[in-house]
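Undergrad: Please find one structure pasted underneath; my questions will follow.
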Amino acid sequence: MGPVTRRPVAWIVAVVLFGEALGVAALHWFLGVVVDRQRMSLGGLDPDLMSVSSKTGGIVLGLYFALCALIALRVALRDRAPTGPARIVLIGAAVVHALLGAVTWGLVGPGAFLFMVLVLGLIVLLLTTDDARPVSSPPAPTTP
């Protein structure tokens, strides 16, 4: 697989990660509001601290996925594989999706697990595509 595959995969990864960034941030914000309004406490923890932590964690994770989506968008526009820090950020996102996939199987169900594995596979596919290399013509036969 090469550059013919990279551009469409990068577009798909960018769209999925932007959607996931918004979804994760919204879900954590909602959970923070629920904890705050019901004054719930878990093991004696301060409900205000739990609410702020949930909202902050959602914003941070949402921004991280948005950064990954921007990197994928850049790959789609430039049609060049990510290098350096951008590659490390995408590898981190792949690891996060692998861990979330393992957790979601038991907590949410197989549908969420399959979504996480799909996103993981798309990120890995984006990371493993090679740049186009010019095809060199075979050397001309020499006659003595």
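Going by the structure tokens order, chains are called A, B, ..., each with residues numbered from 1, while ligands are numbered from 1 in the order shown.
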So that I can see what lies close to stretch 58-71 of chain A, please list as a ChimeraX atom specification the residues with an atom at most 9 Å from it, counting only C-alpha atoms and leaving out residues fewer than 3 positions away in the same chain.

TA: /A:10-11,13-29,53-55,74-76,82,86-87,89-90,93

Undergrad: Include C-alpha atoms and write out the residues we just selected as a CSV table (one decimal), in the first residue's frame.

TA:
```csv
chain,number,residue,atom,x,y,z
A,10,ALA,CA,-5.9,10.2,6.1
A,11,TRP,CA,-9.2,12.0,5.2
A,13,VAL,CA,-8.9,9.4,10.1
A,14,ALA,CA,-9.2,13.2,10.2
A,15,VAL,CA,-13.0,13.1,10.1
A,16,VAL,CA,-13.3,10.3,12.6
A,17,LEU,CA,-10.9,11.8,15.0
A,18,PHE,CA,-12.6,15.3,14.8
A,19,GLY,CA,-15.9,13.6,15.6
A,20,GLU,CA,-14.4,11.6,18.4
A,21,ALA,CA,-12.8,14.7,19.8
A,22,LEU,CA,-16.1,16.5,20.0
A,23,GLY,CA,-17.9,13.3,21.3
A,24,VAL,CA,-15.3,12.7,24.1
A,25,ALA,CA,-15.3,16.3,25.2
A,26,ALA,CA,-19.1,16.5,25.2
A,27,LEU,CA,-19.4,13.2,27.1
A,28,HIS,CA,-17.0,14.2,29.8
A,29,TRP,CA,-18.6,17.6,30.2
A,53,SER,CA,-11.7,16.7,36.8
A,54,SER,CA,-14.2,15.2,34.5
A,55,LYS,CA,-14.6,18.4,32.5
A,74,ARG,CA,-2.1,17.6,7.1
A,75,VAL,CA,-1.1,14.2,5.8
A,76,ALA,CA,-4.1,14.2,3.5
A,82,PRO,CA,3.9,12.0,9.2
A,86,ALA,CA,3.6,14.2,14.5
A,87,ARG,CA,4.3,10.5,14.1
A,89,VAL,CA,1.5,11.8,18.6
A,90,LEU,CA,-0.3,9.4,16.2
A,93,ALA,CA,-3.4,7.9,19.7
```

Undergrad: Which value, in Å to one decimal, gives the distance between atom CA of A:Val103 and atom CA of A:Val124?

TA: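 Computing the Euclidean distance for atom CA of A:Val103 and atom CA of A:Val124 yields 19.4 Å.
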
Undergrad: In Å to one decimal, how far is atom CA of A:Thr128 from atom CA of A:Asp79?

TA: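 Taking atom CA of A:Asp79 as the start and atom CA of A:Thr128 as the end point, the length is 13.2 Å.
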
Undergrad: With only C-alpha atoms as the atoms that count, which of A:Arg39, A:Thr142, A:Ala81, A:Leu99 lies nearest to A:Asp130?

TA: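 Closest to A:Asp130, using only C-alpha atoms: A:Ala81.
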
Undergrad: Let me make sure I understand: among A:Leu73, A:Met116, A:Pro141, A:Val35, which one has the smallest atom-to-atom distance to A:Arg6 if we use only C-alpha atoms?

TA: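 Closest to A:Arg6 of all the choices is A:Leu73.
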
Undergrad: Between atom CA of A:Ile91 and atom CA of A:Thr129, what is the distance in Å, rounded to a tenth?

TA: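 According to the coordinates, atom CA of A:Ile91 and atom CA of A:Thr129 are separated by 13.7 Å.
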
Undergrad: In stretch 12-141 of chain A, what's alpha helix (DSSP H) per DSSP? Answer as a ChimeraX atom specification?

TA: /A:12-38,47-78,85-107,110-128

Undergrad: Restricted to C-alpha atoms, what would the selected residues look like written as a compact mmCIF listing (two decimals), in the first residue's frame?

TA:
```
# COMPACT_ATOMS: atom_id res chain seq x y z
CA ILE A 12 -11.19 9.29 6.97
CA VAL A 13 -8.93 9.38 10.05
CA ALA A 14 -9.21 13.18 10.22
CA VAL A 15 -13.02 13.13 10.06
CA VAL A 16 -13.35 10.28 12.57
CA LEU A 17 -10.91 11.85 15.04
CA PHE A 18 -12.58 15.28 14.81
CA GLY A 19 -15.92 13.61 15.56
CA GLU A 20 -14.39 11.60 18.35
CA ALA A 21 -12.78 14.72 19.84
CA LEU A 22 -16.15 16.46 19.99
CA GLY A 23 -17.86 13.35 21.33
CA VAL A 24 -15.31 12.71 24.07
CA ALA A 25 -15.31 16.33 25.21
CA ALA A 26 -19.13 16.48 25.24
CA LEU A 27 -19.45 13.17 27.11
CA HIS A 28 -17.00 14.19 29.83
CA TRP A 29 -18.62 17.60 30.16
CA PHE A 30 -22.02 15.93 30.55
CA LEU A 31 -20.65 13.54 33.18
CA GLY A 32 -19.15 16.47 35.06
CA VAL A 33 -22.48 18.29 35.04
CA VAL A 34 -24.29 15.16 36.29
CA VAL A 35 -21.84 14.72 39.16
CA ASP A 36 -22.09 18.41 40.01
CA ARG A 37 -25.91 18.58 40.00
CA GLN A 38 -26.44 15.40 41.99
CA PRO A 47 -17.95 16.23 44.19
CA ASP A 48 -16.70 19.60 42.94
CA LEU A 49 -13.25 18.18 42.35
CA MET A 50 -14.72 15.18 40.52
CA SER A 51 -16.83 17.48 38.33
CA VAL A 52 -13.91 19.75 37.43
CA SER A 53 -11.66 16.74 36.83
CA SER A 54 -14.15 15.16 34.46
CA LYS A 55 -14.60 18.37 32.49
CA THR A 56 -10.86 19.06 32.35
CA GLY A 57 -10.06 15.51 31.32
CA GLY A 58 -12.65 15.66 28.56
CA ILE A 59 -11.27 18.93 27.23
CA VAL A 60 -7.68 17.66 27.30
CA LEU A 61 -8.55 14.36 25.61
CA GLY A 62 -10.73 16.17 23.07
CA LEU A 63 -7.89 18.57 22.24
CA TYR A 64 -5.50 15.63 21.90
CA PHE A 65 -7.80 13.88 19.43
CA ALA A 66 -8.30 17.19 17.58
CA LEU A 67 -4.51 17.54 17.31
CA CYS A 68 -4.32 14.01 15.91
CA ALA A 69 -7.08 14.90 13.44
CA LEU A 70 -5.14 17.99 12.34
CA ILE A 71 -2.07 15.85 11.78
CA ALA A 72 -4.12 13.42 9.69
CA LEU A 73 -5.58 16.36 7.76
CA ARG A 74 -2.07 17.64 7.06
CA VAL A 75 -1.08 14.19 5.83
CA ALA A 76 -4.13 14.15 3.54
CA LEU A 77 -3.36 17.57 2.11
CA ARG A 78 0.38 17.05 1.65
CA PRO A 85 6.69 14.54 16.70
CA ALA A 86 3.58 14.17 14.52
CA ARG A 87 4.30 10.46 14.12
CA ILE A 88 4.80 10.09 17.88
CA VAL A 89 1.46 11.82 18.56
CA LEU A 90 -0.33 9.44 16.17
CA ILE A 91 1.38 6.42 17.74
CA GLY A 92 0.14 7.67 21.11
CA ALA A 93 -3.39 7.92 19.72
CA ALA A 94 -3.13 4.35 18.45
CA VAL A 95 -2.06 3.17 21.90
CA VAL A 96 -4.93 5.11 23.53
CA HIS A 97 -7.41 3.48 21.14
CA ALA A 98 -5.98 0.03 21.86
CA LEU A 99 -6.35 0.57 25.61
CA LEU A 100 -9.83 2.06 25.26
CA GLY A 101 -10.81 -0.86 23.05
CA ALA A 102 -9.73 -3.32 25.71
CA VAL A 103 -11.74 -1.48 28.36
CA THR A 104 -14.86 -0.91 26.27
CA TRP A 105 -15.41 -4.58 25.56
CA GLY A 106 -16.29 -5.22 29.17
CA LEU A 107 -17.88 -1.89 30.08
CA PRO A 110 -18.74 -5.23 21.42
CA GLY A 111 -20.00 -2.30 19.29
CA ALA A 112 -17.77 0.22 21.03
CA PHE A 113 -14.90 -2.27 20.95
CA LEU A 114 -15.25 -2.67 17.19
CA PHE A 115 -15.30 1.11 16.72
CA MET A 116 -12.09 1.48 18.75
CA VAL A 117 -10.41 -1.32 16.81
CA LEU A 118 -11.52 0.25 13.52
CA VAL A 119 -10.01 3.62 14.48
CA LEU A 120 -6.87 1.86 15.72
CA GLY A 121 -6.57 0.05 12.38
CA LEU A 122 -7.04 3.27 10.42
CA ILE A 123 -4.34 5.06 12.43
CA VAL A 124 -1.93 2.15 12.02
CA LEU A 125 -2.68 2.03 8.28
CA LEU A 126 -1.95 5.75 8.06
CA LEU A 127 1.34 5.28 9.90
CA THR A 128 2.52 2.33 7.82
```
